[in-house]
>>> print(open('coords_14.txt').read())   # compact mmCIF, C-alpha atoms
# COMPACT_ATOMS: atom_id res chain seq x y z
CA MET A 63 -83.39 -49.32 47.23
CA LYS A 64 -85.42 -47.34 49.76
CA SER A 65 -87.16 -44.06 49.09
CA VAL A 66 -84.40 -42.26 51.03
CA ILE A 67 -82.19 -42.54 47.94
CA LEU A 68 -82.38 -38.80 47.24
CA ASN A 69 -81.07 -38.08 50.73
CA GLU A 70 -78.26 -40.59 50.26
CA VAL A 71 -77.20 -39.20 46.87
CA PHE A 72 -77.42 -35.62 48.12
CA ALA A 73 -75.21 -36.51 51.11
CA GLU A 74 -72.65 -38.06 48.76
CA PHE A 75 -72.91 -34.95 46.57
CA CYS A 76 -71.96 -32.82 49.58
CA GLU A 77 -68.95 -35.03 50.38
CA SER A 78 -67.70 -35.78 46.88
CA ARG A 79 -65.38 -33.80 44.66
CA VAL A 80 -67.08 -34.80 41.41
CA HIS A 81 -69.76 -33.15 39.31
CA LEU A 82 -73.36 -34.23 39.66
CA ASP A 83 -73.32 -36.18 36.38
CA GLY A 84 -70.30 -38.18 37.56
CA LEU A 85 -72.04 -38.92 40.83
CA LEU A 86 -75.19 -40.10 39.08
CA SER A 87 -73.20 -42.63 37.07
CA LYS A 88 -72.91 -44.65 40.30
CA VAL A 89 -76.67 -44.79 40.91
CA ASP A 90 -78.68 -47.97 40.35
CA PRO A 91 -79.72 -47.82 36.65
CA ALA A 92 -83.31 -48.68 37.59
CA ARG A 93 -83.54 -45.49 39.66
CA LYS A 94 -81.03 -43.28 37.85
CA HIS A 95 -83.49 -41.31 35.69
CA LYS A 96 -85.77 -40.44 38.58
CA VAL A 97 -82.86 -39.52 40.85
CA ALA A 98 -81.28 -37.36 38.13
CA ARG A 99 -84.55 -35.57 37.39
CA LEU A 100 -85.55 -34.87 40.97
CA LEU A 101 -82.16 -34.14 42.51
CA GLY A 102 -81.21 -31.98 39.53
CA ALA A 103 -84.42 -30.00 39.96
CA PHE A 104 -83.73 -29.51 43.67
CA LEU A 105 -80.18 -28.29 43.09
CA ARG A 106 -81.44 -25.79 40.50
CA ARG A 107 -84.31 -24.38 42.56
CA PRO A 108 -84.10 -25.55 46.19
CA TRP A 109 -86.07 -22.66 47.66
CA ALA A 110 -88.89 -22.81 45.12
CA ILE A 111 -89.32 -26.56 45.69
CA SER A 112 -89.06 -26.40 49.49
CA ARG A 113 -91.70 -23.68 49.59
CA HIS A 114 -93.90 -25.83 47.36
CA PHE A 115 -93.83 -28.49 50.10
CA GLY A 116 -94.09 -25.97 52.94
CA VAL A 117 -90.57 -26.58 54.22
CA GLU A 118 -88.30 -23.79 55.52
CA LEU A 119 -84.67 -24.19 54.49
CA ALA A 120 -82.87 -21.34 56.25
CA SER A 121 -83.25 -17.73 57.30
CA GLY A 122 -81.64 -16.37 54.16
CA SER A 123 -80.32 -17.56 50.81
CA ARG A 124 -76.80 -16.26 51.54
CA GLU A 125 -76.62 -18.28 54.76
CA PHE A 126 -78.02 -21.38 53.06
CA PHE A 127 -75.56 -21.42 50.15
CA ASP A 128 -72.63 -20.68 52.43
CA LEU A 129 -73.14 -23.83 54.50
CA GLY A 130 -70.24 -26.26 54.47
CA PHE A 131 -70.35 -29.95 53.54
CA LEU A 132 -71.23 -31.29 56.98
CA ARG A 133 -74.07 -28.86 57.69
CA LEU A 134 -75.53 -29.33 54.23
CA LYS A 135 -75.35 -33.10 54.57
CA LYS A 136 -77.24 -32.98 57.89
CA HIS A 137 -79.65 -30.14 57.03
CA SER A 138 -83.10 -31.27 58.22
CA GLY A 139 -85.00 -28.94 55.87
CA ILE A 140 -83.15 -30.31 52.86
CA HIS A 141 -83.85 -33.90 53.79
CA GLU A 142 -87.52 -33.22 54.48
CA THR A 143 -87.81 -31.55 51.06
CA LEU A 144 -86.06 -34.45 49.34
CA GLN A 145 -88.37 -36.97 51.01
CA HIS A 146 -91.42 -35.07 49.76
CA LEU A 147 -89.83 -34.76 46.33
CA TRP A 148 -89.25 -38.51 45.99
CA ALA A 149 -92.76 -39.37 47.21
CA LYS A 150 -94.69 -36.80 45.16
CA GLY A 151 -92.32 -35.08 42.77
CA GLU A 152 -94.84 -34.26 40.04
CA GLY A 153 -96.13 -30.73 39.60
CA ILE A 154 -93.18 -29.06 41.30
CA PRO A 155 -92.35 -25.47 40.26
CA PRO A 156 -90.69 -25.48 36.81
CA GLU A 157 -88.54 -22.44 37.60
CA GLY A 158 -87.20 -20.50 40.54
CA THR A 159 -86.20 -16.99 41.60
CA ARG A 160 -83.16 -15.12 42.89
CA ASP A 161 -83.50 -16.99 46.22
CA ASP A 162 -82.39 -20.13 44.38
CA PHE A 163 -78.92 -18.63 43.81
CA PRO A 164 -76.22 -17.36 46.16
CA ALA A 165 -76.80 -13.67 46.95
CA ALA A 166 -73.25 -12.71 45.95
CA MET A 167 -73.73 -14.36 42.56
CA VAL A 168 -76.95 -12.45 41.88
CA SER A 169 -75.35 -9.20 43.01
CA ALA A 170 -72.53 -9.72 40.51
CA TRP A 171 -75.09 -10.25 37.73
CA GLU A 172 -76.87 -7.05 38.75
CA ALA A 173 -73.58 -5.14 38.61
CA ASP A 174 -72.83 -6.48 35.12
CA TRP A 175 -76.27 -6.47 33.51
CA GLY A 176 -78.74 -4.60 35.72
CA ALA A 177 -81.49 -5.77 38.06
CA THR A 178 -84.04 -6.75 35.38
CA ASP A 179 -81.71 -9.04 33.45
CA ALA A 180 -80.30 -10.49 36.68
CA GLU A 181 -83.81 -11.53 37.73
CA GLU A 182 -84.38 -13.10 34.31
CA LEU A 183 -81.06 -14.94 34.49
CA CYS A 184 -82.16 -16.44 37.82
CA ARG A 185 -85.45 -17.58 36.28
CA LEU A 186 -83.86 -19.09 33.17
CA LEU A 187 -80.94 -20.80 34.90
CA SER A 188 -83.22 -22.43 37.48
CA GLN A 189 -85.17 -24.29 34.77
CA ASP A 190 -84.44 -27.87 33.75
CA PRO A 191 -82.18 -28.01 30.68
CA LEU A 192 -83.18 -29.22 27.25
CA THR A 193 -81.50 -32.24 25.68
CA THR A 194 -79.82 -31.44 22.38
CA LEU A 195 -78.27 -33.73 19.80
CA ARG A 196 -75.77 -32.67 17.15
CA LEU A 197 -76.43 -34.65 14.01
CA HIS A 198 -73.32 -35.67 12.08
CA ARG A 199 -73.15 -34.75 8.38
CA LYS A 200 -73.87 -38.37 7.40
CA CYS A 201 -77.42 -37.78 8.72
CA PHE A 202 -78.05 -35.33 5.87
CA LYS A 203 -78.56 -35.59 2.13
CA GLU A 204 -76.91 -33.21 -0.32
CA ASP A 205 -79.94 -30.91 -0.29
CA GLY A 206 -79.84 -30.62 3.52
CA GLY A 207 -82.74 -32.99 4.15
CA LEU A 208 -82.42 -35.90 6.54
CA VAL A 209 -81.61 -39.37 5.27
CA PRO A 210 -84.75 -41.56 5.58
CA GLU A 211 -83.62 -43.83 8.43
CA ILE A 212 -82.63 -40.87 10.63
CA GLU A 213 -85.83 -39.00 9.81
CA GLU A 214 -87.82 -42.08 10.79
CA TRP A 215 -85.92 -42.49 14.07
CA LEU A 216 -86.31 -38.82 15.04
CA GLY A 217 -90.05 -39.13 14.56
CA SER A 218 -90.38 -42.41 16.42
CA ALA A 219 -91.86 -43.13 19.84
CA GLU A 220 -88.33 -43.79 21.10
CA LEU A 221 -87.75 -40.04 21.35
CA PRO A 222 -89.80 -37.33 23.05
CA LYS A 223 -91.27 -34.83 20.60
CA SER A 224 -88.24 -33.05 19.14
CA ARG A 225 -87.59 -30.04 16.96
CA THR A 226 -84.78 -28.58 14.89
CA GLY A 227 -82.64 -26.10 16.80
CA ASN A 228 -83.25 -22.37 16.69
CA LEU A 229 -79.70 -21.65 15.55
CA MET A 230 -78.20 -24.80 14.05
CA ALA A 231 -79.78 -27.13 11.51
CA SER A 232 -77.54 -29.87 12.93
CA ALA A 233 -79.26 -29.53 16.33
CA ARG A 234 -82.22 -31.65 17.41
CA VAL A 235 -83.78 -30.48 20.66
CA PHE A 236 -86.22 -32.18 23.03
CA ARG A 237 -87.37 -31.94 26.62
CA GLY A 238 -87.26 -34.93 28.90
CA TYR A 239 -85.28 -38.15 28.86
CA ALA A 240 -84.48 -40.75 26.22
CA ALA A 241 -81.77 -43.43 26.35
CA VAL A 242 -80.17 -42.12 23.17
CA GLN A 243 -76.70 -43.43 23.99
CA GLN A 244 -78.06 -46.97 23.79
CA ASN A 245 -79.25 -46.36 20.24
CA ARG A 246 -77.31 -47.89 17.35
CA PHE A 247 -77.12 -44.51 15.59
CA PHE A 248 -75.17 -43.11 18.55
CA LYS A 249 -72.83 -46.09 18.61
CA GLU A 250 -72.24 -45.68 14.86
CA GLY A 251 -71.41 -41.98 15.17
CA TYR A 252 -74.54 -40.45 13.67
CA PHE A 253 -74.94 -37.97 16.52
CA GLU A 254 -73.45 -36.59 19.72
CA ILE A 255 -75.15 -35.00 22.73
CA GLN A 256 -74.15 -31.33 22.56
CA ASP A 257 -75.88 -28.10 23.51
CA GLU A 258 -76.78 -25.82 20.62
CA GLY A 259 -74.69 -22.98 22.04
CA SER A 260 -71.63 -25.22 22.05
CA GLN A 261 -72.36 -26.18 18.44
CA LEU A 262 -72.65 -22.50 17.61
CA MET A 263 -69.21 -21.77 19.06
CA ALA A 264 -67.66 -24.48 16.87
CA ALA A 265 -69.27 -22.93 13.80
CA PHE A 266 -68.20 -19.44 14.93
CA SER A 267 -64.57 -20.53 15.06
CA LEU A 268 -64.76 -21.33 11.33
CA PHE A 269 -67.40 -18.84 10.14
CA PRO A 270 -67.38 -15.83 12.53
CA HIS A 271 -69.08 -13.51 10.03
CA ARG A 272 -71.89 -16.01 9.43
CA ILE A 273 -72.52 -16.47 13.18
CA ALA A 274 -71.92 -12.91 14.44
CA PRO A 275 -75.44 -11.64 13.49
CA VAL A 276 -77.10 -13.98 16.02
CA LEU A 277 -74.78 -12.95 18.87
CA ARG A 278 -75.72 -10.16 21.28
CA ASP A 279 -73.81 -7.64 23.40
CA ARG A 280 -75.22 -9.13 26.62
CA PRO A 281 -76.62 -12.48 27.78
CA VAL A 282 -79.69 -13.39 25.74
CA THR A 283 -82.64 -13.36 28.12
CA ARG A 284 -85.32 -12.50 25.55
CA LYS A 285 -86.69 -14.67 22.79
CA LEU A 286 -84.96 -14.26 19.44
CA GLU A 287 -86.25 -15.17 16.01
CA ALA A 288 -84.85 -18.45 14.72
CA SER A 289 -81.82 -18.02 12.46
CA VAL A 290 -80.67 -21.47 11.46
CA PHE A 291 -77.11 -22.13 10.29
CA PRO A 292 -77.57 -24.65 7.44
CA SER A 293 -76.25 -28.19 7.56
CA THR A 294 -74.87 -27.89 4.03
CA ILE A 295 -72.21 -25.26 4.88
CA ARG A 296 -68.77 -26.84 5.06
CA SER A 297 -65.33 -25.38 5.77
CA VAL A 298 -62.25 -25.68 3.62
CA PRO A 299 -59.53 -27.90 5.17
CA LEU A 300 -57.51 -26.03 7.80
CA ASP A 301 -54.83 -26.53 10.41
CA PHE A 302 -56.96 -26.10 13.54
CA ILE A 303 -55.86 -26.25 17.18
CA ASP A 304 -58.39 -26.84 19.97
CA ALA A 305 -56.32 -25.67 22.91
CA CYS A 306 -58.59 -26.74 25.79
CA ALA A 307 -60.48 -29.61 24.19
CA GLY A 308 -61.95 -31.19 27.32
CA ALA A 309 -64.47 -33.86 26.36
CA GLY A 310 -64.11 -32.81 22.73
CA GLY A 311 -67.62 -31.72 21.76
CA LYS A 312 -66.42 -28.67 19.83
CA THR A 313 -63.48 -30.63 18.40
CA LEU A 314 -65.89 -33.13 16.86
CA ALA A 315 -68.25 -30.41 15.61
CA VAL A 316 -65.36 -28.61 13.89
CA SER A 317 -64.19 -31.89 12.35
CA ASP A 318 -67.70 -32.45 10.99
CA LEU A 319 -67.84 -28.94 9.50
CA MET A 320 -64.45 -29.63 7.89
CA GLN A 321 -65.87 -32.87 6.44
CA GLY A 322 -63.17 -34.92 8.15
CA ARG A 323 -60.47 -33.09 6.18
CA GLY A 324 -57.67 -30.77 7.24
CA ARG A 325 -55.90 -31.33 10.54
CA ILE A 326 -57.24 -30.77 14.06
CA PHE A 327 -54.94 -30.99 17.06
CA ALA A 328 -56.93 -31.27 20.30
CA TYR A 329 -55.12 -30.70 23.59
CA ASP A 330 -56.03 -31.16 27.22
CA LEU A 331 -54.27 -31.51 30.58
CA TYR A 332 -56.29 -34.52 31.70
CA GLU A 333 -55.52 -38.00 30.42
CA SER A 334 -59.06 -39.25 31.07
CA LYS A 335 -60.49 -36.57 28.79
CA ILE A 336 -58.02 -37.37 26.03
CA ARG A 337 -58.93 -41.07 26.26
CA GLY A 338 -62.62 -40.19 26.03
CA LEU A 339 -62.03 -37.88 23.08
CA LYS A 340 -60.13 -40.57 21.18
CA ALA A 341 -63.07 -42.94 21.65
CA ARG A 342 -65.53 -40.30 20.42
CA VAL A 343 -63.36 -39.57 17.37
CA ALA A 344 -63.23 -43.26 16.51
CA ARG A 345 -67.02 -43.49 16.78
CA SER A 346 -67.50 -40.48 14.47
CA GLY A 347 -65.50 -42.10 11.70
CA ASP A 348 -63.55 -38.89 11.01
CA ARG A 349 -59.79 -39.24 10.80
CA ASN A 350 -58.56 -35.66 10.90
CA VAL A 351 -58.36 -35.28 14.71
CA LYS A 352 -55.28 -35.96 16.78
CA ALA A 353 -55.96 -35.87 20.55
CA LEU A 354 -52.86 -34.97 22.56
CA LEU A 355 -52.10 -34.83 26.28
CA LEU A 356 -50.42 -31.63 27.45
CA GLU A 357 -47.62 -31.88 29.94
CA ARG A 358 -47.19 -29.44 32.82
CA ASP A 359 -45.68 -26.73 30.63
CA ALA A 360 -48.32 -26.11 27.96
CA GLY A 361 -46.08 -23.70 26.07
CA GLU A 362 -43.44 -26.38 25.54
CA GLY A 363 -45.98 -28.90 24.30
CA VAL A 364 -47.40 -26.72 21.52
CA SER A 365 -44.34 -24.70 20.47
CA VAL A 366 -43.97 -26.83 17.34
CA PHE A 367 -46.99 -24.97 15.90
CA GLU A 368 -45.56 -21.50 16.50
CA GLY A 369 -47.03 -19.07 13.95
CA SER A 370 -48.51 -21.79 11.72
CA ALA A 371 -52.14 -22.54 12.71
CA ASP A 372 -55.04 -21.24 10.64
CA VAL A 373 -57.38 -21.22 13.64
CA VAL A 374 -56.70 -21.61 17.36
CA LEU A 375 -59.73 -22.13 19.58
CA VAL A 376 -59.20 -21.31 23.27
CA ASP A 377 -62.28 -22.69 25.01
CA ALA A 378 -60.94 -21.45 28.32
CA PRO A 379 -61.60 -22.70 31.86
CA CYS A 380 -64.19 -20.46 33.48
CA SER A 381 -66.75 -20.10 36.26
CA GLY A 382 -69.33 -22.07 34.22
CA LEU A 383 -72.23 -19.73 35.04
CA GLY A 384 -73.67 -20.16 31.55
CA VAL A 385 -74.22 -23.86 32.18
CA ALA A 386 -75.62 -23.50 35.72
CA ARG A 387 -78.88 -24.96 34.44
CA ARG A 388 -77.07 -28.08 33.24
CA ASN A 389 -74.45 -28.17 36.02
CA PRO A 390 -76.09 -26.65 39.13
CA ASP A 391 -72.98 -27.63 41.11
CA VAL A 392 -71.48 -24.21 40.30
CA LYS A 393 -73.69 -22.35 42.77
CA TRP A 394 -73.16 -24.62 45.79
CA ASN A 395 -70.37 -24.07 48.29
CA ARG A 396 -68.19 -27.00 47.25
CA LYS A 397 -64.42 -27.18 47.17
CA PRO A 398 -63.09 -27.59 43.62
CA ALA A 399 -61.70 -30.88 42.45
CA ALA A 400 -57.98 -31.36 42.83
CA LYS A 401 -56.29 -29.51 40.00
CA SER A 402 -53.29 -30.37 37.93
CA SER A 403 -50.15 -28.75 39.35
CA ALA A 404 -49.99 -26.73 36.13
CA ILE A 405 -53.00 -24.66 37.17
CA GLN A 406 -52.90 -24.71 40.97
CA GLU A 407 -53.05 -21.41 42.84
CA ARG A 408 -54.17 -19.41 39.82
CA THR A 409 -57.37 -17.48 39.69
CA VAL A 410 -59.71 -18.16 36.79
CA ARG A 411 -58.89 -14.80 35.24
CA GLU A 412 -55.14 -15.38 35.50
CA LEU A 413 -55.58 -18.75 33.85
CA GLN A 414 -57.67 -17.26 31.04
CA ASP A 415 -55.05 -14.57 30.42
CA SER A 416 -52.32 -17.19 30.46
CA VAL A 417 -53.90 -19.50 27.89
CA LEU A 418 -54.70 -16.56 25.61
CA LYS A 419 -51.09 -15.42 25.74
CA THR A 420 -49.70 -18.93 25.28
CA TYR A 421 -51.85 -19.96 22.35
CA SER A 422 -51.97 -16.64 20.49
CA GLY A 423 -48.40 -17.27 19.36
CA LEU A 424 -49.53 -20.33 17.41
CA VAL A 425 -51.72 -18.33 15.02
CA ARG A 426 -50.24 -17.70 11.59
CA PRO A 427 -50.29 -14.19 10.08
CA GLY A 428 -53.83 -13.68 8.78
CA GLY A 429 -55.08 -16.54 10.97
CA ARG A 430 -57.68 -16.45 13.72
CA LEU A 431 -57.61 -16.76 17.51
CA VAL A 432 -61.04 -17.63 18.96
CA TYR A 433 -61.67 -17.14 22.67
CA GLY A 434 -64.75 -18.77 24.18
CA VAL A 435 -66.19 -19.44 27.64
CA CYS A 436 -69.44 -20.93 28.94
CA THR A 437 -70.14 -17.96 31.19
CA PHE A 438 -71.36 -14.36 30.93
CA SER A 439 -69.42 -12.56 33.65
CA LYS A 440 -67.90 -9.42 32.12
CA ASP A 441 -64.69 -10.13 34.03
CA GLU A 442 -64.25 -13.42 32.17
CA THR A 443 -65.52 -12.37 28.75
CA SER A 444 -65.15 -8.98 27.07
CA SER A 445 -62.76 -7.70 29.76
CA ARG A 446 -60.35 -10.57 29.14
CA VAL A 447 -60.37 -9.90 25.40
CA SER A 448 -59.91 -6.14 25.93
CA GLY A 449 -57.02 -6.80 28.27
CA PHE A 450 -55.39 -9.13 25.76
CA LEU A 451 -55.68 -6.60 22.93
CA GLU A 452 -54.34 -3.77 25.09
CA GLY A 453 -51.26 -5.74 26.06
CA ARG A 454 -50.38 -7.33 22.75
CA GLU A 455 -49.98 -5.80 19.31
CA GLY A 456 -50.70 -7.63 16.08
CA PHE A 457 -54.30 -8.76 16.73
CA ARG A 458 -57.59 -7.05 15.99
CA LEU A 459 -61.11 -7.90 17.13
CA GLU A 460 -63.17 -9.37 14.29
CA ALA A 461 -66.43 -10.26 16.07
CA GLN A 462 -67.68 -11.00 19.58
CA GLY A 463 -70.89 -11.58 21.51
CA TYR A 464 -73.08 -13.76 23.71
CA THR A 465 -75.59 -16.49 23.07
CA GLY A 466 -77.98 -18.02 25.61
CA PRO A 467 -78.99 -18.72 28.26
CA ARG A 468 -82.56 -18.52 27.02
CA ASP A 469 -82.68 -21.23 24.35
CA THR A 470 -79.12 -22.52 24.71
CA ASP A 471 -76.50 -22.66 27.41
CA GLY A 472 -74.84 -19.31 28.00
CA PHE A 473 -71.67 -18.66 25.98
CA TYR A 474 -69.40 -15.77 25.06
CA MET A 475 -67.16 -15.95 22.00
CA ALA A 476 -64.71 -13.59 20.29
CA SER A 477 -62.72 -13.86 17.08
CA LEU A 478 -59.35 -12.09 16.89
CA VAL A 479 -57.42 -11.89 13.62
CA ARG A 480 -53.63 -11.74 13.53
CA ASP A 481 -52.18 -9.12 11.23
CA ALA A 482 -50.89 -10.53 7.97
>>> encode(input="coords_14.txt", output="structure tokens")
Amino acid sequence: MKSVILNEVFAEFCESRVHLDGLLSKVDPARKHKVARLLGAFLRRPWAISRHFGVELASGSREFFDLGFLRLKKHSGIHETLQHLWAKGEGIPPEGTRDDFPAAMVSAWEADWGATDAEELCRLLSQDPLTTLRLHRKCFKEDGGLVPEIEEWLGSAELPKSRTGNLMASARVFRGYAAVQQNRFFKEGYFEIQDEGSQLMAAFSLFPHRIAPVLRDRPVTRKLEASVFPSTIRSVPLDFIDACAGAGGKTLAVSDLMQGRGRIFAYDLYESKIRGLKARVARSGDRNVKALLLERDAGEGVSVFEGSADVVLVDAPCSGLGVARRNPDVKWNRKPAAKSSAIQERTVRELQDSVLKTYSGLVRPGGRLVYGVCTFSKDETSSRVSGFLEGREGFRLEAQGYTGPRDTDGFYMASLVRDA
């Protein structure tokens, strides 16, 4: 394949309706790592990288990010930058500035969090993401130490230098690339790839009081002291509903914390995600998860659980700003993928309100409704929870807050308890 591969993949990115990671799955395996590293870096910090090579992209960041598919695909400054990047992509800037984000997006951050934190959010979310593993409980001994074969593998040359997570003892974090999904331990269910913030939300849904002290009242842009949630803490068996399970990362983390006991019902609107989740559950070896496809009317599909669930996790659809470092697609002017007819023509906020209303009825008296999103927009986080509480009696706020995006992806989570 010629050195123009970055241009070709970028052009397909502009035309496609899939996320970057889905697009990269089609790339020649021999070139995939380099393409992923360089194109991902460009999408996170296009202005910083173009300036590094002395290329001018456009007259203003607003104009640049507002370009449609065709103009982006044919943009001469982009293609010149990508050619330089492929030929000599070492030593490029490791982070960007506000110019690397749409102006309207930065303005919204300034309105929510002030100019200083908005600038820091731009810097943090333009960096390359860390790779994080969630180690399954079978990786640990009773005293919390690692079993010898896992400890040996984590210290081997097969992995870049890794460390325990700042927040979760089950997290193993490293920078760079390793073909971990080809490893036998992955295939045997010893670990999953999952950001530490996502792991934290799973633990929060079961232990909100244990997790609340590490949460903050705004996105975390400053370094915090490590506060590790131990691997030896396990939940009692529960009836748990994961209302928007998606790929199932939090579903599996909750199952692990419940030691494969209790019952977890994981729902999603997309058949492909349910198929993937079933495969991941089988690999984990846990047998307490039932993955279920929701039909068009979500309320009908879950009404059997009315007033009976111990915990309902609503990991709601959102703008995804908290994972902009991992999924830089969110800041480019791209039409969204075709949606299920169940959620067409709804704004994100309307959808969030709807799923909160629908799934709150499943919580038993004394049970817990957990609302979580991978974003930090006030409109999608604390405002949605406040609106829910104002319009519905019988629930009280137990705990809420933000984690990331400094050391983890950016998340907001809130625990609401139903009156007994």
>>> residues_near_point(input="coords_14.txt", point="(-68.8, -29.2, 54.6)", cutoff="12 Å", atoms="all atoms listed in the file", output="PyMOL selection string")
chain A and resi 73-79+127-137+394-397
>>> closest_residue(input="coords_14.txt", among="A:Pro270, A:Gly311, A:Gly449, A:Gly463", to="Val479 (chain A)", atoms="all atoms listed in the file")
A:Pro270
>>> atom_distance(input="coords_14.txt", atom1="CA of Lys340 (chain A)", atom2="CA of Ser317 (chain A)")
13.0 Å
>>> closest_residue(input="coords_14.txt", among="A:Ile336, A:Met475, A:Leu68, A:Leu192", to="Leu277 (chain A)", atoms="all atoms listed in the file")
A:Met475
>>> closest_residue(input="coords_14.txt", among="A:Phe327, A:Glu214, A:Asn389, A:Val235", to="Ala98 (chain A)", atoms="only C-alpha atoms")
A:Asn389
>>> residues_around(input="coords_14.txt", residues="region 243-258 of chain A", least_positions_apart="2", cutoff="6 Å", atoms="all atoms listed in the file", output="ChimeraX atom specification")
/A:194-198,241,260-261,345-346,470
>>> residues_around(input="coords_14.txt", residues="Gly456 (chain A)", least_positions_apart="4", cutoff="9 Å", atoms="only C-alpha atoms", output="tab-separated table (two decimals) with C-alpha atoms, in the frame of the given file")
chain	number	residue	atom	x	y	z
A	427	PRO	CA	-50.29	-14.19	10.08
A	451	LEU	CA	-55.68	-6.60	22.93
A	479	VAL	CA	-57.42	-11.89	13.62
A	480	ARG	CA	-53.63	-11.74	13.53
A	481	ASP	CA	-52.18	-9.12	11.23
A	482	ALA	CA	-50.89	-10.53	7.97
>>> decode(input="coords_14.txt", residues="region 103-157 of chain A", atoms="C-alpha atoms", output="mmCIF file, in the first residue's frame")
data_model
loop_
_atom_site.group_PDB
_atom_site.id
_atom_site.type_symbol
_atom_site.label_atom_id
_atom_site.label_comp_id
_atom_site.auth_asym_id
_atom_site.auth_seq_id
_atom_site.Cartn_x
_atom_site.Cartn_y
_atom_site.Cartn_z
ATOM 1 C CA ALA A 103 -3.533 12.076 16.393
ATOM 2 C CA PHE A 104 -4.519 14.277 13.451
ATOM 3 C CA LEU A 105 -8.226 14.096 14.259
ATOM 4 C CA ARG A 106 -7.509 15.055 17.879
ATOM 5 C CA ARG A 107 -5.205 17.997 17.140
ATOM 6 C CA PRO A 108 -5.300 18.920 13.433
ATOM 7 C CA TRP A 109 -4.212 22.521 13.893
ATOM 8 C CA ALA A 110 -1.318 21.737 16.224
ATOM 9 C CA ILE A 111 0.020 19.099 13.810
ATOM 10 C CA SER A 112 -0.468 21.184 10.658
ATOM 11 C CA ARG A 113 1.386 24.082 12.247
ATOM 12 C CA HIS A 114 4.178 21.688 13.204
ATOM 13 C CA PHE A 115 4.639 20.964 9.484
ATOM 14 C CA GLY A 116 4.106 24.581 8.436
ATOM 15 C CA VAL A 117 0.790 23.915 6.699
ATOM 16 C CA GLU A 118 -2.181 26.319 6.862
ATOM 17 C CA LEU A 119 -5.523 24.562 7.184
ATOM 18 C CA ALA A 120 -8.079 27.384 7.023
ATOM 19 C CA SER A 121 -8.684 30.963 8.071
ATOM 20 C CA GLY A 122 -10.423 30.013 11.289
ATOM 21 C CA SER A 123 -11.220 26.939 13.377
ATOM 22 C CA ARG A 124 -14.990 27.534 13.112
ATOM 23 C CA GLU A 125 -14.817 27.561 9.310
ATOM 24 C CA PHE A 126 -12.593 24.476 9.250
ATOM 25 C CA PHE A 127 -14.801 22.305 11.467
ATOM 26 C CA ASP A 128 -17.942 23.410 9.652
ATOM 27 C CA LEU A 129 -16.756 22.078 6.294
ATOM 28 C CA GLY A 130 -18.936 19.385 4.778
ATOM 29 C CA PHE A 131 -17.846 15.923 3.632
ATOM 30 C CA LEU A 132 -16.834 16.873 0.102
ATOM 31 C CA ARG A 133 -14.746 19.912 1.037
ATOM 32 C CA LEU A 134 -13.030 18.041 3.853
ATOM 33 C CA LYS A 135 -12.270 15.116 1.571
ATOM 34 C CA LYS A 136 -10.650 17.436 -0.994
ATOM 35 C CA HIS A 137 -8.998 19.865 1.439
ATOM 36 C CA SER A 138 -5.435 20.418 0.156
ATOM 37 C CA GLY A 139 -4.076 21.525 3.550
ATOM 38 C CA ILE A 140 -5.356 18.364 5.210
ATOM 39 C CA HIS A 141 -3.816 16.117 2.596
ATOM 40 C CA GLU A 142 -0.484 17.918 2.710
ATOM 41 C CA THR A 143 -0.445 17.536 6.507
ATOM 42 C CA LEU A 144 -1.315 13.837 6.282
ATOM 43 C CA GLN A 145 1.471 13.235 3.756
ATOM 44 C CA HIS A 146 4.002 14.857 6.089
ATOM 45 C CA LEU A 147 2.563 12.896 9.008
ATOM 46 C CA TRP A 148 2.978 9.533 7.269
ATOM 47 C CA ALA A 149 6.518 10.332 6.108
ATOM 48 C CA LYS A 150 7.835 11.798 9.377
ATOM 49 C CA GLY A 151 5.238 11.356 12.089
ATOM 50 C CA GLU A 152 7.606 11.178 15.054
ATOM 51 C CA GLY A 153 7.977 14.124 17.401
ATOM 52 C CA ILE A 154 4.617 15.670 16.564
ATOM 53 C CA PRO A 155 2.957 17.832 19.255
ATOM 54 C CA PRO A 156 1.536 15.591 22.013
ATOM 55 C CA GLU A 157 -1.356 17.955 22.743
#
